[in-house]
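Visitor: Hey, dropping coords26.txt in here, compact mmCIF, C-alpha atoms:
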# COMPACT_ATOMS: atom_id res chain seq x y z
CA MET A 1 91.32 53.89 53.61
CA LYS A 2 88.35 54.27 55.94
CA LEU A 3 86.43 57.46 56.66
CA THR A 4 84.24 57.83 59.75
CA PHE A 5 81.07 59.34 58.39
CA SER A 6 77.56 60.58 59.00
CA PRO A 7 75.31 61.91 56.21
CA ALA A 8 74.26 64.76 58.54
CA SER A 9 77.83 66.04 59.08
CA PRO A 10 78.71 68.97 56.79
CA PHE A 11 82.42 68.28 57.44
CA ALA A 12 82.07 64.67 56.27
CA ARG A 13 80.06 65.88 53.27
CA LYS A 14 82.90 68.20 52.27
CA VAL A 15 85.37 65.31 52.29
CA ARG A 16 82.95 63.11 50.34
CA ILE A 17 82.48 65.73 47.61
CA ALA A 18 86.24 66.32 47.44
CA ALA A 19 86.92 62.57 47.17
CA ILE A 20 84.43 62.25 44.31
CA GLU A 21 85.85 65.27 42.46
CA LEU A 22 89.41 63.96 42.94
CA GLY A 23 88.48 60.51 41.60
CA LEU A 24 89.33 58.82 44.90
CA ILE A 25 85.89 57.84 46.16
CA ASP A 26 86.32 54.15 45.30
CA LYS A 27 89.40 53.94 47.52
CA ILE A 28 87.48 55.01 50.63
CA GLU A 29 85.29 52.81 52.79
CA PHE A 30 82.69 54.85 54.66
CA VAL A 31 82.20 53.83 58.29
CA PRO A 32 78.87 55.06 59.72
CA THR A 33 79.54 56.80 63.04
CA THR A 34 77.25 58.59 65.48
CA VAL A 35 78.43 61.26 67.90
CA VAL A 36 76.18 63.36 70.12
CA PRO A 37 77.32 66.48 72.03
CA GLY A 38 77.03 66.03 75.80
CA GLN A 39 77.13 62.23 75.51
CA PRO A 40 80.21 60.03 75.90
CA ASN A 41 81.28 57.63 73.14
CA ASP A 42 84.22 55.71 74.59
CA GLU A 43 84.73 53.59 71.49
CA TYR A 44 85.06 56.53 69.10
CA SER A 45 87.08 58.60 71.61
CA LYS A 46 89.86 56.05 71.15
CA ILE A 47 90.03 57.02 67.48
CA HIS A 48 89.45 60.75 67.98
CA PRO A 49 89.57 62.24 71.52
CA LEU A 50 87.36 65.13 70.34
CA LYS A 51 84.70 62.70 68.99
CA LYS A 52 84.49 64.67 65.75
CA LEU A 53 83.64 63.52 62.23
CA PRO A 54 85.23 62.75 59.86
CA VAL A 55 88.52 60.95 60.51
CA LEU A 56 90.51 59.26 57.73
CA ILE A 57 92.14 55.99 58.81
CA LEU A 58 94.91 54.84 56.48
CA ASP A 59 95.59 51.18 55.75
CA ASN A 60 98.68 51.32 58.00
CA GLY A 61 96.54 52.60 60.89
CA ASP A 62 97.67 56.24 60.70
CA VAL A 63 94.85 58.65 61.53
CA ILE A 64 94.39 61.91 59.61
CA LEU A 65 92.22 64.74 60.91
CA ASP A 66 90.42 67.16 60.73
CA SER A 67 88.43 67.52 57.49
CA CYS A 68 90.72 70.36 56.28
CA VAL A 69 93.82 68.17 56.65
CA ILE A 70 92.04 65.14 55.13
CA VAL A 71 91.17 67.16 52.04
CA GLU A 72 94.78 68.32 51.70
CA TYR A 73 95.94 64.73 52.02
CA LEU A 74 93.50 63.53 49.35
CA ASP A 75 94.49 66.41 47.08
CA GLU A 76 98.14 65.38 47.33
CA LEU A 77 97.18 61.74 46.73
CA ALA A 78 95.45 62.86 43.51
CA GLY A 79 98.61 64.58 42.29
CA GLY A 80 98.48 67.89 44.17
CA GLY A 81 97.16 71.33 43.24
CA LYS A 82 93.73 69.97 42.25
CA LEU A 83 91.37 71.54 44.80
CA ILE A 84 93.99 73.65 46.61
CA PRO A 85 96.35 75.81 44.54
CA ALA A 86 99.90 74.49 44.96
CA SER A 87 101.56 77.88 45.56
CA GLY A 88 101.31 81.65 45.60
CA ALA A 89 98.66 84.09 46.80
CA ALA A 90 95.86 81.89 45.43
CA ARG A 91 96.96 79.11 47.79
CA TRP A 92 96.69 81.29 50.89
CA LYS A 93 93.40 82.81 49.74
CA VAL A 94 91.80 79.38 49.26
CA LYS A 95 93.20 78.05 52.55
CA SER A 96 92.02 81.15 54.45
CA ASP A 97 88.57 80.97 52.86
CA HIS A 98 88.41 77.26 53.68
CA SER A 99 89.31 78.00 57.31
CA LEU A 100 86.72 80.79 57.52
CA LEU A 101 84.04 78.46 56.14
CA GLN A 102 85.08 75.77 58.61
CA GLY A 103 84.60 78.29 61.43
CA MET A 104 81.21 79.28 60.01
CA LEU A 105 80.13 75.64 60.21
CA ASP A 106 81.45 75.43 63.78
CA SER A 107 79.31 78.46 64.68
CA MET A 108 76.24 77.01 62.96
CA LEU A 109 76.67 73.74 64.88
CA LEU A 110 76.98 75.70 68.14
CA CYS A 111 73.70 77.47 67.26
CA ARG A 112 72.03 74.16 66.62
CA TYR A 113 73.28 72.65 69.88
CA GLU A 114 72.18 75.78 71.75
CA ASN A 115 68.68 75.89 70.30
CA MET A 116 67.86 72.25 69.69
CA VAL A 117 70.04 70.00 71.87
CA ARG A 118 70.68 71.96 75.10
CA PRO A 119 67.93 71.63 77.75
CA GLU A 120 65.40 74.41 77.23
CA GLY A 121 65.91 76.19 80.54
CA SER A 122 69.63 76.66 80.01
CA ARG A 123 69.76 78.41 76.66
CA TRP A 124 71.51 81.76 76.23
CA LYS A 125 70.20 83.86 73.39
CA ALA A 126 73.18 86.26 73.25
CA TRP A 127 75.41 83.23 72.56
CA SER A 128 73.35 81.73 69.75
CA ASP A 129 72.71 85.19 68.24
CA ASP A 130 76.44 85.88 68.29
CA HIS A 131 77.28 82.60 66.55
CA TRP A 132 74.50 82.95 64.02
CA ASN A 133 75.74 86.45 63.22
CA ARG A 134 79.23 85.09 62.62
CA ALA A 135 77.96 82.61 60.04
CA TRP A 136 75.66 85.21 58.50
CA ARG A 137 78.44 87.81 58.18
CA GLY A 138 80.62 85.14 56.65
CA MET A 139 77.97 84.51 53.98
CA ALA A 140 77.87 88.28 53.37
CA ARG A 141 81.61 88.26 52.72
CA PHE A 142 81.31 85.53 50.09
CA GLU A 143 78.28 87.21 48.50
CA GLN A 144 80.68 90.07 47.62
CA GLN A 145 83.37 87.82 46.10
CA ALA A 146 82.26 87.43 42.50
CA ASP A 147 85.58 85.80 41.51
CA MET A 148 85.32 83.15 44.21
CA LEU A 149 81.84 82.20 43.02
CA SER A 150 82.82 81.77 39.37
CA ARG A 151 86.39 80.41 39.29
CA PRO A 152 87.20 76.73 38.58
CA LEU A 153 86.29 74.29 41.36
CA ASP A 154 88.35 74.46 44.53
CA ILE A 155 87.92 73.38 48.15
CA SER A 156 86.59 76.75 49.30
CA GLN A 157 83.69 76.45 46.84
CA ILE A 158 82.98 72.93 48.10
CA ALA A 159 83.08 74.18 51.70
CA LEU A 160 80.75 77.08 50.85
CA THR A 161 78.34 74.59 49.28
CA CYS A 162 78.39 72.58 52.51
CA VAL A 163 77.70 75.72 54.55
CA LEU A 164 74.68 76.58 52.41
CA GLY A 165 73.47 72.97 52.40
CA TYR A 166 73.76 72.89 56.18
CA ALA A 167 71.75 76.13 56.39
CA ASP A 168 68.99 74.42 54.35
CA PHE A 169 69.25 71.28 56.50
CA ARG A 170 69.15 72.81 59.99
CA PHE A 171 68.02 76.45 59.53
CA ALA A 172 65.51 76.08 56.70
CA ASP A 173 63.79 79.39 57.48
CA CYS A 174 66.87 81.58 57.73
CA GLY A 175 66.29 83.14 54.32
CA TRP A 176 69.85 83.08 53.00
CA ARG A 177 68.67 82.88 49.38
CA LYS A 178 66.78 86.17 49.69
CA SER A 179 69.61 87.99 51.46
CA TYR A 180 72.38 86.54 49.29
CA PRO A 181 71.13 86.10 45.70
CA ARG A 182 74.62 85.52 44.27
CA LEU A 183 75.16 82.65 46.71
CA ASP A 184 71.82 81.25 45.53
CA THR A 185 72.97 81.29 41.90
CA PHE A 186 76.31 79.77 42.93
CA HIS A 187 74.57 77.01 44.94
CA GLN A 188 72.26 76.15 42.04
CA LYS A 189 75.25 75.83 39.75
CA MET A 190 77.07 73.62 42.25
CA LEU A 191 73.99 71.40 42.49
CA GLU A 192 74.54 70.43 38.85
CA ARG A 193 77.53 68.41 40.00
CA PRO A 194 76.65 64.77 40.83
CA SER A 195 79.06 64.93 43.82
CA VAL A 196 77.05 67.76 45.36
CA LYS A 197 73.65 66.31 44.52
CA ILE A 198 74.36 62.81 45.83
CA SER A 199 75.73 64.12 49.13
CA MET A 200 72.84 66.34 50.10
CA PRO A 201 71.92 65.89 53.79
CA PRO A 202 68.84 63.73 54.51
CA ALA A 203 65.57 65.43 55.33
CA ALA A 204 65.92 67.07 58.77
CA MET B 1 102.57 92.35 58.35
CA LYS B 2 100.13 92.91 61.20
CA LEU B 3 98.78 90.30 63.59
CA THR B 4 95.62 90.85 65.63
CA PHE B 5 96.61 89.74 69.07
CA SER B 6 95.69 89.28 72.71
CA PRO B 7 98.14 87.92 75.32
CA ALA B 8 95.31 85.75 76.71
CA SER B 9 94.64 83.95 73.37
CA PRO B 10 96.38 80.56 73.14
CA PHE B 11 95.97 80.67 69.34
CA ALA B 12 97.76 84.03 69.14
CA ARG B 13 100.44 82.71 71.50
CA LYS B 14 101.07 79.78 69.17
CA VAL B 15 101.65 82.13 66.24
CA ARG B 16 103.90 84.37 68.35
CA ILE B 17 106.09 81.44 69.43
CA ALA B 18 106.26 80.16 65.83
CA ALA B 19 107.22 83.63 64.54
CA ILE B 20 110.02 83.89 67.11
CA GLU B 21 111.33 80.40 66.34
CA LEU B 22 111.20 81.10 62.58
CA GLY B 23 113.12 84.38 62.98
CA LEU B 24 110.19 86.43 61.66
CA ILE B 25 109.04 88.20 64.81
CA ASP B 26 110.56 91.57 63.79
CA LYS B 27 108.49 91.60 60.60
CA ILE B 28 105.18 91.44 62.48
CA GLU B 29 103.40 94.34 64.15
CA PHE B 30 101.13 93.14 66.95
CA VAL B 31 97.72 94.85 67.04
CA PRO B 32 96.00 94.50 70.44
CA THR B 33 92.44 93.27 69.88
CA THR B 34 89.66 92.38 72.30
CA VAL B 35 86.82 89.98 71.45
CA VAL B 36 84.21 88.72 73.90
CA PRO B 37 81.79 85.83 73.19
CA GLY B 38 78.17 86.95 73.19
CA GLN B 39 79.14 90.58 72.46
CA PRO B 40 79.23 92.22 69.01
CA ASN B 41 82.41 93.88 67.71
CA ASP B 42 81.40 95.47 64.40
CA GLU B 43 84.84 96.90 63.71
CA TYR B 44 86.67 93.58 64.05
CA SER B 45 83.90 91.66 62.28
CA LYS B 46 84.90 93.54 59.12
CA ILE B 47 88.33 91.93 59.34
CA HIS B 48 87.14 88.50 60.51
CA PRO B 49 83.40 87.65 60.45
CA LEU B 50 83.99 85.04 63.18
CA LYS B 51 85.68 87.64 65.46
CA LYS B 52 88.50 85.22 66.19
CA LEU B 53 92.14 85.89 67.05
CA PRO B 54 94.65 85.94 65.48
CA VAL B 55 94.43 87.21 61.89
CA LEU B 56 97.52 88.01 59.82
CA ILE B 57 97.09 91.07 57.58
CA LEU B 58 99.68 91.28 54.81
CA ASP B 59 101.05 94.58 53.54
CA ASN B 60 98.90 94.29 50.39
CA GLY B 61 95.77 93.91 52.55
CA ASP B 62 95.34 90.16 52.08
CA VAL B 63 94.02 88.47 55.21
CA ILE B 64 95.31 85.06 56.34
CA LEU B 65 93.46 82.96 58.90
CA ASP B 66 93.15 80.91 61.07
CA SER B 67 96.22 80.32 63.29
CA CYS B 68 96.96 76.97 61.60
CA VAL B 69 97.07 78.59 58.17
CA ILE B 70 99.06 81.58 59.48
CA VAL B 71 101.71 79.26 60.86
CA GLU B 72 101.94 77.42 57.53
CA TYR B 73 102.31 80.75 55.75
CA LEU B 74 105.08 81.89 58.10
CA ASP B 75 106.83 78.52 57.76
CA GLU B 76 106.86 78.91 53.98
CA LEU B 77 108.09 82.51 54.34
CA ALA B 78 110.99 81.18 56.41
CA GLY B 79 111.96 78.74 53.67
CA GLY B 80 109.53 75.87 54.28
CA GLY B 81 109.78 72.63 56.22
CA LYS B 82 110.93 74.38 59.41
CA LEU B 83 108.06 73.72 61.84
CA ILE B 84 105.97 71.53 59.52
CA PRO B 85 107.68 68.65 57.69
CA ALA B 86 107.61 69.36 53.95
CA SER B 87 106.46 65.88 52.87
CA GLY B 88 105.72 62.29 53.77
CA ALA B 89 104.04 60.61 56.71
CA ALA B 90 105.71 63.02 59.17
CA ARG B 91 103.91 65.92 57.47
CA TRP B 92 100.45 64.38 57.94
CA LYS B 93 101.25 63.31 61.50
CA VAL B 94 102.28 66.83 62.51
CA LYS B 95 99.33 68.42 60.70
CA SER B 96 96.86 65.97 62.28
CA ASP B 97 98.35 66.49 65.75
CA HIS B 98 98.21 70.25 65.22
CA SER B 99 94.56 70.00 64.23
CA LEU B 100 93.77 67.80 67.25
CA LEU B 101 95.47 70.30 69.57
CA GLN B 102 93.55 73.14 67.93
CA GLY B 103 90.32 71.28 68.68
CA MET B 104 91.43 70.66 72.27
CA LEU B 105 91.86 74.43 72.68
CA ASP B 106 88.42 75.00 71.15
CA SER B 107 86.94 72.60 73.71
CA MET B 108 88.80 74.27 76.60
CA LEU B 109 87.51 77.68 75.50
CA LEU B 110 83.97 76.28 75.33
CA CYS B 111 84.42 75.00 78.92
CA ARG B 112 85.60 78.40 80.04
CA TYR B 113 82.68 80.19 78.35
CA GLU B 114 80.26 77.70 79.88
CA ASN B 115 81.58 77.95 83.41
CA MET B 116 82.81 81.52 83.63
CA VAL B 117 81.12 83.68 80.97
CA ARG B 118 77.61 82.23 80.48
CA PRO B 119 74.97 83.48 82.96
CA GLU B 120 74.94 81.17 85.97
CA GLY B 121 71.37 79.90 85.60
CA SER B 122 71.91 78.69 82.04
CA ARG B 123 74.91 76.40 82.40
CA TRP B 124 74.77 72.77 81.28
CA LYS B 125 77.15 70.48 83.11
CA ALA B 126 76.94 67.61 80.59
CA TRP B 127 78.21 70.01 77.91
CA SER B 128 81.20 71.37 79.84
CA ASP B 129 82.05 67.88 81.17
CA ASP B 130 81.98 66.55 77.60
CA HIS B 131 84.30 69.27 76.32
CA TRP B 132 86.65 69.01 79.27
CA ASN B 133 86.85 65.24 78.69
CA ARG B 134 87.77 65.84 75.05
CA ALA B 135 90.71 68.04 76.03
CA TRP B 136 91.69 65.66 78.84
CA ARG B 137 91.63 62.60 76.57
CA GLY B 138 93.68 64.55 74.04
CA MET B 139 96.34 65.15 76.71
CA ALA B 140 96.27 61.42 77.50
CA ARG B 141 97.00 60.65 73.86
CA PHE B 142 100.07 62.89 73.82
CA GLU B 143 101.24 61.53 77.19
CA GLN B 144 101.67 58.19 75.38
CA GLN B 145 103.65 59.63 72.44
CA ALA B 146 107.23 59.58 73.68
CA ASP B 147 108.58 60.38 70.20
CA MET B 148 106.41 63.47 69.83
CA LEU B 149 107.63 64.82 73.16
CA SER B 150 111.34 64.42 72.33
CA ARG B 151 111.77 65.10 68.59
CA PRO B 152 113.14 68.40 67.21
CA LEU B 153 110.82 71.39 67.51
CA ASP B 154 107.71 71.40 65.32
CA ILE B 155 104.33 73.14 65.36
CA SER B 156 102.56 70.31 67.18
CA GLN B 157 104.95 70.70 70.12
CA ILE B 158 104.34 74.46 70.14
CA ALA B 159 100.57 73.85 70.04
CA LEU B 160 100.82 71.32 72.89
CA THR B 161 102.76 73.88 74.92
CA CYS B 162 99.94 76.39 74.34
CA VAL B 163 97.33 73.81 75.43
CA LEU B 164 99.22 73.15 78.68
CA GLY B 165 99.84 76.87 79.24
CA TYR B 166 96.14 77.54 78.72
CA ALA B 167 95.30 74.81 81.24
CA ASP B 168 97.53 76.59 83.78
CA PHE B 169 95.98 79.97 82.86
CA ARG B 170 92.28 79.08 83.02
CA PHE B 171 92.06 75.69 84.79
CA ALA B 172 94.83 76.02 87.35
CA ASP B 173 93.44 73.27 89.58
CA CYS B 174 92.86 70.62 86.89
CA GLY B 175 95.93 68.63 87.94
CA TRP B 176 97.33 67.83 84.50
CA ARG B 177 100.91 67.61 85.85
CA LYS B 178 99.96 64.83 88.26
CA SER B 179 97.97 62.86 85.68
CA TYR B 180 100.43 63.39 82.83
CA PRO B 181 104.00 63.42 84.20
CA ARG B 182 105.61 63.11 80.74
CA LEU B 183 103.74 66.20 79.60
CA ASP B 184 105.07 67.97 82.70
CA THR B 185 108.66 67.10 81.77
CA PHE B 186 108.01 68.15 78.17
CA HIS B 187 106.49 71.48 79.30
CA GLN B 188 109.43 72.23 81.60
CA LYS B 189 111.82 71.61 78.73
CA MET B 190 109.80 73.85 76.41
CA LEU B 191 109.89 76.61 79.04
CA GLU B 192 113.66 76.81 78.56
CA ARG B 193 112.96 78.43 75.19
CA PRO B 194 112.79 82.25 75.38
CA SER B 195 109.87 82.17 72.88
CA VAL B 196 107.79 80.06 75.24
CA LYS B 197 108.80 81.93 78.41
CA ILE B 198 108.16 85.43 77.03
CA SER B 199 104.71 84.48 75.69
CA MET B 200 103.27 83.01 78.89
CA PRO B 201 99.71 84.24 79.47
CA PRO B 202 99.27 87.00 82.07
CA ALA B 203 98.09 86.11 85.57
CA ALA B 204 94.43 85.01 85.29
Could I get this structure in the form of structure tokens?

Guide:
Amino acid sequence: MKLTFSPASPFARKVRIAAIELGLIDKIEFVPTTVVPGQPNDEYSKIHPLKKLPVLILDNGDVILDSCVIVEYLDELAGGGKLIPASGAARWKVKSDHSLLQGMLDSMLLCRYENMVRPEGSRWKAWSDDHWNRAWRGMARFEQQADMLSRPLDISQIALTCVLGYADFRFADCGWRKSYPRLDTFHQKMLERPSVKISMPPAA
Amino acid sequence: MKLTFSPASPFARKVRIAAIELGLIDKIEFVPTTVVPGQPNDEYSKIHPLKKLPVLILDNGDVILDSCVIVEYLDELAGGGKLIPASGAARWKVKSDHSLLQGMLDSMLLCRYENMVRPEGSRWKAWSDDHWNRAWRGMARFEQQADMLSRPLDISQIALTCVLGYADFRFADCGWRKSYPRLDTFHQKMLERPSVKISMPPAA
């Protein structure tokens, strides 16, 4: 299998951590890929019309996307029920949390594009404030979920780790550790895992 | 169950069509909800920090999101394997197509916000062109997938219908029918379903 990848993508990082934790990392070849908002990339658009990372390309050519679906595929490949509970209320809780965290990352990327990629004269503060608030309120929700922060490893914890790592990477001064001390403790504990440590984004 | 809903949301429309097709529509109470990008909505943020539609609220208070997860939940409630194949390559194909279509809708909404909601002086054409091209290239991919357009009903076909309906609703002059005649035939066939007809967005 091949995975289109960039070390700066929090979505690709999530898949990488999951693959390590599931014991599948050696089966995946990482293909460095660069995509920039506002710029065409005709070659990569043939693989993924939305030009998003990551995409998993199976040996038979089938393409699996997005990162949420890739992680479910890898989980099934590893036997099922490893990072996503196989059934019951726990399954829907983890999948909903995962989706919320995915949306938080989307909002954080929109903030970054607004404040650091878009030409200076055409920025709209109400937009970036709105999206930052979405991510921030999402963190507040997880700060209150003591069980989520302490239960055995699942994909929502990995996704939360990628959200916090992305905050450090692109919004180093946002002060999430001070506002959300339980998330800080959680993040420190996650950093003890080699999968989390090795996948940290490069210096911004 | 309650579903936060707006007739203008293509994501909420997708869930509504799925609920009708799965025979679950009478179990869901629709809760009209308004969210506007760039504007706070403190009440709804308590339900969903990202302020997105739709959210499914179960009778025990559990919250299921986003629309992809809601549809999977409803499919399981209806017995499983109805709109999403239960296993095998078909499962990952439908889930990947569904995810691609979800991203196409995200891009179309970003285009709309850029061109119709953002203050006029702060628009960035390269951004909206990029996102429109993503949606447009996505349509091109499905235009080439004769099997997808003719197989028994699944969630990717419902999602594609919502993409095309949203194009009619917000980008009436984009000319998708002329560029993608097979999608036009597919859409006309889908419109024969009462679930699709009754859920058409209001006049723009």

Visitor: Box along x, y and z, 6 Å on every side, all listed atoms of range 63-79 of chain B inside: centre and edge lengths in Å to one decimal, as JSON.

Guide:
{"center_x": 102.6, "center_y": 82.7, "center_z": 58.5, "size_x": 30.8, "size_y": 23.5, "size_z": 21.6}

Visitor: Kindly give the distance, in Å, that separates CA of Lys46 in chain A and CA of Arg134 in chain B, rounded to a single decimal.

Guide: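 Interatomic distance here is 10.7 Å.
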
Visitor: With the cut-off set at 6 Å and counting all atoms listed in the file, tabulate each residue of chain A with an atom at most that distance from an atom of chain B, showing the nearest atom pair and its distance in Å to one decimal, ordered by chain and increasing number, as a tab-separated table.

Guide:
residue	atom	partner	partner_atom	distance
A:Gly38	CA	B:Trp127	CA	4.7
A:Pro49	CA	B:Gly138	CA	5.3
A:Leu50	CA	B:Arg134	CA	4.8
A:Ile64	CA	B:Ser96	CA	5.5
A:Leu65	CA	B:Ser96	CA	5.0
A:Ser96	CA	B:Leu65	CA	5.0
A:Ser122	CA	B:Ser122	CA	3.7
A:Arg123	CA	B:Ser122	CA	5.8
A:Ala126	CA	B:Gly38	CA	5.0
A:Trp127	CA	B:Gly38	CA	4.7
A:Asp130	CA	B:Gly38	CA	5.3
A:Arg134	CA	B:Leu50	CA	4.8
A:Arg137	CA	B:Pro49	CA	5.5
A:Gly138	CA	B:Pro49	CA	5.3

Visitor: Can you tell me how far CA of Arg182 in chain A sits from CA of Asp147 in chain A, in Å to one decimal?

Guide: 11.3 Å

Visitor: Go ahead and compute the interatomic distance for CA of Asp59 in chain A and CA of Val35 in chain A, in Å to one decimal.

Guide: 23.3 Å

Visitor: I'd like the contact shell of range 2-9 of chain A - 8 Å cut-off, all atoms listed in the file, skipping same-chain residues fewer than 5 positions apart - returned as a PDB file with C-alpha atoms, in the frame of the given file.

Guide:
ATOM      1  CA  ILE A  28      87.480  55.010  50.630  1.00  0.00           C
ATOM      2  CA  GLU A  29      85.290  52.810  52.790  1.00  0.00           C
ATOM      3  CA  PHE A  30      82.690  54.850  54.660  1.00  0.00           C
ATOM      4  CA  VAL A  31      82.200  53.830  58.290  1.00  0.00           C
ATOM      5  CA  PRO A  32      78.870  55.060  59.720  1.00  0.00           C
ATOM      6  CA  THR A  33      79.540  56.800  63.040  1.00  0.00           C
ATOM      7  CA  THR A  34      77.250  58.590  65.480  1.00  0.00           C
ATOM      8  CA  LEU A  53      83.640  63.520  62.230  1.00  0.00           C
ATOM      9  CA  PRO A  54      85.230  62.750  59.860  1.00  0.00           C
ATOM     10  CA  VAL A  55      88.520  60.950  60.510  1.00  0.00           C
ATOM     11  CA  LEU A  56      90.510  59.260  57.730  1.00  0.00           C
ATOM     12  CA  ILE A  57      92.140  55.990  58.810  1.00  0.00           C
ATOM     13  CA  LEU A  58      94.910  54.840  56.480  1.00  0.00           C
ATOM     14  CA  ASP A  59      95.590  51.180  55.750  1.00  0.00           C
ATOM     15  CA  SER A 199      75.730  64.120  49.130  1.00  0.00           C
ATOM     16  CA  MET A 200      72.840  66.340  50.100  1.00  0.00           C
ATOM     17  CA  PRO A 201      71.920  65.890  53.790  1.00  0.00           C
ATOM     18  CA  PRO A 202      68.840  63.730  54.510  1.00  0.00           C
TER      19      PRO A 202
END

Visitor: Of the candidates A:Cys162, A:Met148, A:Leu191, A:Val71, which one gets nearest to Leu83 in chain A if we count all atoms listed in the file?

Guide: A:Val71

Visitor: Mind checking which residues fall within 12 Å of Ala18 in chain B, counting all atoms listed in the file, ignoring those fewer than 5 positions away in the same chain, and posting them as JSON, numbers by chain?

Guide: {"B": [11, 12, 13, 23, 24, 25, 28, 67, 68, 70, 71, 72, 73, 74, 75, 76, 77, 78, 82, 83, 84, 153, 154, 155, 156, 157, 158, 159, 161, 162, 193, 194, 195, 196, 199]}

Visitor: Selection from above, C-alpha atoms, as a short mmCIF file (atom, residue, chain, number, x, y, z; two decimals), in the coordinates of the input, can you write it?

Guide:
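Written file, result.cif:
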data_model
loop_
_atom_site.label_atom_id
_atom_site.label_comp_id
_atom_site.auth_asym_id
_atom_site.auth_seq_id
_atom_site.Cartn_x
_atom_site.Cartn_y
_atom_site.Cartn_z
CA PHE B 11 95.97 80.67 69.34
CA ALA B 12 97.76 84.03 69.14
CA ARG B 13 100.44 82.71 71.50
CA GLY B 23 113.12 84.38 62.98
CA LEU B 24 110.19 86.43 61.66
CA ILE B 25 109.04 88.20 64.81
CA ILE B 28 105.18 91.44 62.48
CA SER B 67 96.22 80.32 63.29
CA CYS B 68 96.96 76.97 61.60
CA ILE B 70 99.06 81.58 59.48
CA VAL B 71 101.71 79.26 60.86
CA GLU B 72 101.94 77.42 57.53
CA TYR B 73 102.31 80.75 55.75
CA LEU B 74 105.08 81.89 58.10
CA ASP B 75 106.83 78.52 57.76
CA GLU B 76 106.86 78.91 53.98
CA LEU B 77 108.09 82.51 54.34
CA ALA B 78 110.99 81.18 56.41
CA LYS B 82 110.93 74.38 59.41
CA LEU B 83 108.06 73.72 61.84
CA ILE B 84 105.97 71.53 59.52
CA LEU B 153 110.82 71.39 67.51
CA ASP B 154 107.71 71.40 65.32
CA ILE B 155 104.33 73.14 65.36
CA SER B 156 102.56 70.31 67.18
CA GLN B 157 104.95 70.70 70.12
CA ILE B 158 104.34 74.46 70.14
CA ALA B 159 100.57 73.85 70.04
CA THR B 161 102.76 73.88 74.92
CA CYS B 162 99.94 76.39 74.34
CA ARG B 193 112.96 78.43 75.19
CA PRO B 194 112.79 82.25 75.38
CA SER B 195 109.87 82.17 72.88
CA VAL B 196 107.79 80.06 75.24
CA SER B 199 104.71 84.48 75.69
#
